[in-house]
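Colleague: What follows is my_file_3.txt; its format and atoms are compact mmCIF, C-alpha atoms and all ligand atoms.
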# COMPACT_ATOMS: atom_id res chain seq x y z
CA MET A 637 17.17 26.17 -39.39
CA ARG A 638 14.78 25.03 -36.73
CA GLU A 639 15.39 24.35 -33.08
CA ALA A 640 13.10 22.67 -30.62
CA THR A 641 14.08 24.67 -27.57
CA MET A 642 15.16 28.11 -26.48
CA THR A 643 17.09 28.95 -23.37
CA ARG A 644 14.73 29.56 -20.49
CA SER A 645 15.05 32.33 -17.95
CA LYS A 646 15.94 31.13 -14.46
CA LYS A 647 14.39 34.14 -12.76
CA ALA A 648 11.29 33.54 -10.64
CA MET A 649 7.98 33.95 -12.45
CA ALA A 650 6.25 37.26 -11.75
CA PRO A 651 2.55 36.98 -10.84
CA ALA A 652 1.66 39.05 -13.89
CA PRO A 653 3.73 39.96 -16.93
CA ARG A 654 5.46 43.30 -16.62
CA ALA A 655 4.95 45.95 -19.25
CA ALA A 656 8.59 47.03 -19.19
CA GLY A 657 10.10 48.65 -22.27
CA ALA A 658 8.60 48.53 -25.74
CA LEU A 659 5.57 46.33 -26.25
CA LEU A 660 6.36 42.70 -27.07
CA THR A 661 4.82 42.12 -30.48
CA ILE A 662 3.07 38.84 -31.25
CA ALA A 663 1.73 37.88 -34.69
CA LEU A 664 -1.42 35.77 -34.52
CA PRO A 665 -3.11 34.09 -37.47
CA ARG A 666 -6.78 34.82 -37.92
CA GLY A 667 -9.11 31.83 -38.01
CA ARG A 668 -9.29 28.57 -36.09
CA ILE A 669 -5.82 28.84 -34.53
CA LEU A 670 -6.66 32.28 -33.12
CA ASP A 671 -9.94 30.96 -31.70
CA GLU A 672 -8.06 28.18 -29.91
CA ALA A 673 -5.08 30.35 -28.92
CA LEU A 674 -7.09 33.03 -27.08
CA PRO A 675 -8.41 30.71 -24.31
CA LEU A 676 -4.92 29.22 -23.99
CA PHE A 677 -3.34 32.65 -23.47
CA LYS A 678 -6.08 33.55 -21.02
CA ARG A 679 -5.34 30.46 -18.91
CA ALA A 680 -1.68 31.48 -19.05
CA GLY A 681 -2.57 34.84 -17.46
CA LEU A 682 -2.35 36.73 -20.75
CA ASP A 683 -5.88 37.85 -21.50
CA LEU A 684 -5.92 38.91 -25.14
CA GLY A 685 -9.68 39.55 -25.04
CA ALA A 686 -8.97 43.09 -26.22
CA ALA A 687 -7.56 41.58 -29.41
CA GLU A 688 -10.77 39.65 -29.96
CA LYS A 689 -12.87 42.80 -29.52
CA ALA A 690 -10.61 44.91 -31.70
CA ARG A 691 -10.64 42.22 -34.39
CA ALA A 692 -14.42 42.36 -34.49
CA GLY A 693 -14.00 46.08 -35.15
CA ARG A 694 -11.53 45.33 -37.99
CA LYS A 695 -8.46 46.50 -36.08
CA LEU A 696 -5.38 44.51 -37.00
CA ILE A 697 -2.79 46.12 -34.71
CA ILE A 698 -3.91 45.89 -31.11
CA PRO A 699 -1.81 47.27 -28.25
CA ILE A 700 -2.58 45.74 -24.86
CA GLU A 701 -0.57 48.11 -22.67
CA GLU A 702 -1.41 46.47 -19.34
CA LEU A 703 0.26 43.22 -20.52
CA GLY A 704 3.11 44.97 -22.32
CA LEU A 705 1.94 43.27 -25.52
CA ARG A 706 0.98 44.28 -29.01
CA VAL A 707 -0.99 41.82 -31.16
CA LEU A 708 -0.83 41.76 -34.96
CA ILE A 709 -3.66 39.87 -36.68
CA VAL A 710 -2.30 38.51 -39.96
CA ARG A 711 -2.84 35.72 -42.49
CA ASP A 712 -1.56 32.38 -41.23
CA THR A 713 0.96 32.10 -44.07
CA ASP A 714 2.34 35.57 -43.30
CA VAL A 715 3.19 34.91 -39.62
CA PRO A 716 6.70 33.48 -40.30
CA ALA A 717 7.69 36.51 -42.44
CA TYR A 718 6.70 39.00 -39.71
CA VAL A 719 8.66 37.01 -37.14
CA GLU A 720 11.74 36.26 -39.22
CA HIS A 721 12.16 39.91 -40.21
CA GLY A 722 11.66 41.15 -36.65
CA ALA A 723 8.38 43.00 -37.30
CA ALA A 724 6.95 40.68 -34.63
CA ASP A 725 8.99 39.23 -31.76
CA LEU A 726 7.07 35.98 -31.77
CA GLY A 727 4.10 34.39 -33.49
CA ILE A 728 1.91 31.34 -33.78
CA ALA A 729 1.92 29.26 -36.94
CA GLY A 730 0.88 25.77 -37.94
CA ARG A 731 3.55 23.16 -38.59
CA ASP A 732 2.25 23.04 -42.18
CA VAL A 733 3.10 26.72 -42.72
CA LEU A 734 6.45 26.48 -40.91
CA GLU A 735 7.56 23.37 -42.81
CA GLU A 736 6.48 24.79 -46.15
CA GLN A 737 8.41 28.03 -45.67
CA ASP A 738 11.34 26.57 -43.71
CA ARG A 739 12.46 29.97 -42.40
CA ASP A 740 15.17 30.81 -39.93
CA LEU A 741 13.09 30.72 -36.70
CA TYR A 742 13.16 29.13 -33.28
CA GLU A 743 10.19 26.90 -32.51
CA PRO A 744 10.34 26.63 -28.72
CA LEU A 745 6.83 25.33 -28.01
CA ASP A 746 4.19 23.12 -29.60
CA LEU A 747 0.87 24.56 -28.42
CA GLY A 748 -1.14 21.44 -29.26
CA ILE A 749 -3.90 23.47 -30.90
CA GLY A 750 -5.09 23.52 -34.52
CA ARG A 751 -4.49 19.80 -34.77
CA CYS A 752 -4.85 18.10 -38.14
CA ARG A 753 -2.56 16.12 -40.45
CA MET A 754 -0.80 16.49 -43.78
CA VAL A 755 -1.77 13.64 -46.04
CA VAL A 756 -1.50 12.21 -49.53
CA ALA A 757 -4.90 11.27 -50.94
CA GLU A 758 -6.28 9.88 -54.20
CA PRO A 759 -9.69 8.98 -55.70
CA GLU A 760 -11.16 5.81 -54.16
CA GLY A 761 -12.01 4.46 -57.62
CA ARG A 762 -8.76 5.42 -59.34
CA PRO A 763 -5.80 4.39 -57.19
CA VAL A 764 -2.38 5.33 -58.51
CA ASP A 765 -0.12 2.49 -59.64
CA GLU A 766 3.28 4.03 -58.89
CA SER A 767 5.17 1.31 -60.75
CA ALA A 768 3.13 1.63 -63.93
CA GLN A 769 2.12 5.30 -64.20
CA VAL A 770 4.93 7.42 -65.60
CA HIS A 771 3.68 10.98 -65.39
CA LEU A 772 2.13 11.46 -61.96
CA ARG A 773 0.69 14.82 -60.97
CA TYR A 774 0.19 16.00 -57.38
CA ALA A 775 -1.96 19.06 -56.67
CA THR A 776 -1.31 20.94 -53.43
CA LYS A 777 -1.10 24.21 -51.53
CA PHE A 778 2.20 22.90 -50.15
CA PRO A 779 4.65 22.39 -53.05
CA GLU A 780 7.80 22.36 -50.87
CA ILE A 781 6.43 19.78 -48.44
CA THR A 782 5.25 17.71 -51.41
CA ARG A 783 8.61 18.05 -53.18
CA ARG A 784 10.52 16.89 -50.09
CA HIS A 785 8.09 14.04 -49.49
CA LEU A 786 8.35 12.78 -53.08
CA GLN A 787 12.12 13.17 -53.04
CA ALA A 788 12.38 11.13 -49.83
CA ARG A 789 10.33 8.39 -51.47
CA GLY A 790 12.26 8.55 -54.73
CA THR A 791 9.07 9.36 -56.65
CA VAL A 792 9.27 11.56 -59.74
CA ALA A 793 6.11 13.60 -60.26
CA GLU A 794 4.85 16.97 -61.39
CA ILE A 795 3.65 19.27 -58.61
CA ILE A 796 0.77 21.62 -59.39
CA LYS A 797 0.46 24.52 -56.94
CA LEU A 798 -3.11 25.51 -56.07
CA TYR A 799 -4.50 27.95 -53.50
CA GLY A 800 -7.59 26.09 -52.22
CA SER A 801 -10.34 23.53 -52.95
CA ILE A 802 -7.57 21.01 -53.56
CA GLU A 803 -9.94 18.04 -53.30
CA ILE A 804 -11.55 18.69 -56.66
CA ALA A 805 -8.24 18.50 -58.59
CA PRO A 806 -8.21 14.69 -59.02
CA LEU A 807 -11.93 14.64 -59.78
CA VAL A 808 -11.66 16.88 -62.84
CA GLY A 809 -8.43 15.52 -64.29
CA LEU A 810 -6.01 18.12 -62.98
CA ALA A 811 -4.02 15.69 -60.81
CA ASP A 812 -3.69 12.03 -59.82
CA ARG A 813 -3.19 12.73 -56.15
CA ILE A 814 -3.34 15.60 -53.67
CA VAL A 815 -1.27 16.60 -50.66
CA ASP A 816 -3.46 18.52 -48.23
CA LEU A 817 -4.52 19.04 -44.64
CA VAL A 818 -7.15 16.73 -43.20
CA SER A 819 -8.97 17.52 -39.98
CA SER A 820 -12.32 15.73 -39.65
CA GLY A 821 -11.87 13.89 -42.97
CA GLU A 822 -15.26 15.12 -44.13
CA THR A 823 -13.97 16.94 -47.24
CA LEU A 824 -12.15 13.79 -48.39
CA ARG A 825 -15.28 11.68 -47.79
CA GLN A 826 -17.52 14.13 -49.66
CA HIS A 827 -15.25 13.85 -52.69
CA HIS A 828 -14.68 10.06 -52.52
CA LEU A 829 -10.99 10.41 -51.84
CA ARG A 830 -9.02 7.99 -49.69
CA GLU A 831 -5.99 8.74 -47.59
CA VAL A 832 -2.87 7.03 -48.98
CA GLU A 833 -0.52 8.09 -46.20
CA THR A 834 0.07 10.67 -43.50
CA ILE A 835 3.16 12.81 -44.10
CA PHE A 836 3.15 14.36 -40.60
CA PRO A 837 0.75 15.40 -37.85
CA VAL A 838 0.11 19.14 -37.67
CA SER A 839 -0.41 21.46 -34.72
CA ALA A 840 0.32 25.12 -34.04
CA ARG A 841 3.67 26.18 -32.64
CA LEU A 842 5.11 29.26 -31.08
CA CYS A 843 7.83 30.70 -33.30
CA VAL A 844 10.45 33.26 -32.27
CA GLY A 845 12.79 35.41 -34.34
CA ARG A 846 16.52 35.12 -33.75
CA VAL A 847 17.02 38.83 -33.05
CA ALA A 848 14.03 38.93 -30.69
CA ALA A 849 15.35 35.85 -28.84
CA LYS A 850 18.62 37.67 -28.27
CA LEU A 851 17.28 41.10 -27.38
CA ARG A 852 14.03 40.22 -25.61
CA GLY A 853 14.79 36.75 -24.32
CA ASP A 854 13.49 37.32 -20.78
CA ARG A 855 10.10 38.61 -21.88
CA ILE A 856 9.74 35.84 -24.44
CA ASP A 857 10.79 33.21 -21.90
CA ASP A 858 8.08 34.52 -19.57
CA VAL A 859 5.43 34.01 -22.27
CA ILE A 860 6.80 30.54 -23.08
CA SER A 861 6.86 29.47 -19.41
CA ARG A 862 3.30 30.66 -18.86
CA LEU A 863 2.03 28.82 -21.94
CA ARG A 864 4.01 25.69 -21.13
CA ARG A 865 2.21 25.46 -17.78
CA VAL A 866 -1.25 25.37 -19.39
CA ILE A 867 -0.82 23.19 -22.47
C1 LIG B 901 -8.79 22.75 -45.35
C2 LIG B 901 -8.04 21.66 -46.09
C3 LIG B 901 -9.14 20.73 -46.50
C4 LIG B 901 -10.13 20.84 -45.35
C5 LIG B 901 -9.98 19.66 -44.45
O1 LIG B 901 -9.31 23.59 -46.29
O2 LIG B 901 -7.31 22.19 -47.18
O3 LIG B 901 -9.73 21.14 -47.70
O4 LIG B 901 -9.81 22.05 -44.63
O5 LIG B 901 -10.90 19.69 -43.37
P1 LIG B 901 -11.81 18.43 -43.00
O6 LIG B 901 -10.93 17.21 -43.00
O7 LIG B 901 -12.34 18.75 -41.62
O8 LIG B 901 -12.89 18.33 -44.02
P2 LIG B 901 -9.83 25.06 -45.94
O9 LIG B 901 -11.08 24.97 -45.15
O10 LIG B 901 -8.72 25.83 -45.32
O11 LIG B 901 -10.21 25.66 -47.35
P3 LIG B 901 -9.43 25.69 -48.75
O12 LIG B 901 -9.89 24.49 -49.50
O13 LIG B 901 -9.84 26.94 -49.38
O14 LIG B 901 -7.96 25.63 -48.47
Would you encode the structure as structure tokens?
Ligand code: PRP

Modeller:
Amino acid sequence: MREATMTRSKKAMAPAPRAAGALLTIALPRGRILDEALPLFKRAGLDLGAAEKARAGRKLIIPIEELGLRVLIVRDTDVPAYVEHGAADLGIAGRDVLEEQDRDLYEPLDLGIGRCRMVVAEPEGRPVDESAQVHLRYATKFPEITRRHLQARGTVAEIIKLYGSIEIAPLVGLADRIVDLVSSGETLRQHHLREVETIFPVSARLCVGRVAAKLRGDRIDDVISRLRRVI
């Protein structure tokens, strides 16, 4: 179950986050989202520069005592698991990852970073005729999103799960169409694929575990309020 908002603390905002109690643990995905998240956190008064330095030195668990925070650097697709099971109190994950896994998390804030879109695409020279073709195949890293999309459209098709380089699947006869993320559109262009439709726009969101929201609500609300002011 997903919810758009969490209750917000009414207490006045402290000038700097307090390091009271155990460190608040935040799971961050390595890659583009992390690159965009760090300046955002800095503007919010949460300088995670230490995480950047430690990451360069291959450290994946980074305590930042002065902020009362601990950063975990994980794979983007693993963020929801850490948060749902309480190993991290909160995390940042793309809407693509959250929708695909559909876990039991709060999503109190869209950070507006890591923007791209989830699309259906097909070869420019070999458009699918949905009324005539009987055995359609869709290749994707996102089988659940694809399944729900096809179901909503009443389309029956086989879904082939891949782990990357999705764009080549229709070019070598593995699939008729793909469901994938598009950012600049350059990969589609390079492979002569055209966008058939956008399933949804994607950006990164803050996600919070249910237990953490209950037990550490004030600290999490402080982080949310700070970020909300700068996005
Ligand atoms: C992503 C996505 C597309 C590409 C889109 O792949 O799956 O292939 O980026 O970006 P563009 O529209 O700017 O060209 P990623 O780089 O994560 O690699 P992957 O193919 O291994 O998943």

Colleague: Restricting the calculation to only C-alpha atoms, which member of A:Val755, A:Leu842, A:Ala729, A:Leu674 is positioned closest to Ser861 in chain A?

Modeller: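 Of A:Val755, A:Leu842, A:Ala729, A:Leu674, the one nearest Ser861 in chain A, counting only C-alpha atoms, is A:Leu842.
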
Colleague: Work out how far CA of Arg739 in chain A is from CA of Ala717 in chain A, in Å to one decimal.

Modeller: 8.1 Å

Colleague: List the neighbours of Val866 in chain A out to 12 Å using all atoms listed in the file; skip same-chain residues closer than 6 positions along the sequence, and give me the result as a list in words.

Modeller: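 Counting only the stated atoms, we get Ala673, Pro675, Leu676, Phe677, Lys678, Arg679, Ala680, Gly681, Leu682, Leu745, Asp746, Leu747, Gly748, Ile749, Val859 and Ile860 of chain A.
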
Colleague: Hey, which residues come within 6 Å of ligand LIG 901 (chain B) if we count all atoms listed in the file? Could you give them as JSON, numbers by chain?

Modeller: {"A": [800, 801, 802, 816, 817, 818, 819, 820, 821, 822, 823]}

Colleague: Might you pull out every residue within 7 Å of Arg830 in chain A, with all atoms listed in the file counted and same-chain residues fewer than 2 positions away left off, and present them as a VMD selection string?

Modeller: chain A and resid 757 to 760 824 828 832

Colleague: Please list, as a PDB file with C-alpha atoms, in the frame of the given file, the residues that have an atom at most 7 Å away from (-0.6, 12.8, -54.5) in the coordinates of this file, counting only C-alpha atoms.

Modeller:
ATOM      1  CA  VAL A 756      -1.500  12.210 -49.530  1.00  0.00           C
ATOM      2  CA  ALA A 757      -4.900  11.270 -50.940  1.00  0.00           C
ATOM      3  CA  GLU A 758      -6.280   9.880 -54.200  1.00  0.00           C
ATOM      4  CA  ARG A 773       0.690  14.820 -60.970  1.00  0.00           C
ATOM      5  CA  TYR A 774       0.190  16.000 -57.380  1.00  0.00           C
ATOM      6  CA  ALA A 775      -1.960  19.060 -56.670  1.00  0.00           C
ATOM      7  CA  ASP A 812      -3.690  12.030 -59.820  1.00  0.00           C
ATOM      8  CA  ARG A 813      -3.190  12.730 -56.150  1.00  0.00           C
ATOM      9  CA  ILE A 814      -3.340  15.600 -53.670  1.00  0.00           C
ATOM     10  CA  VAL A 815      -1.270  16.600 -50.660  1.00  0.00           C
TER      11      VAL A 815
END
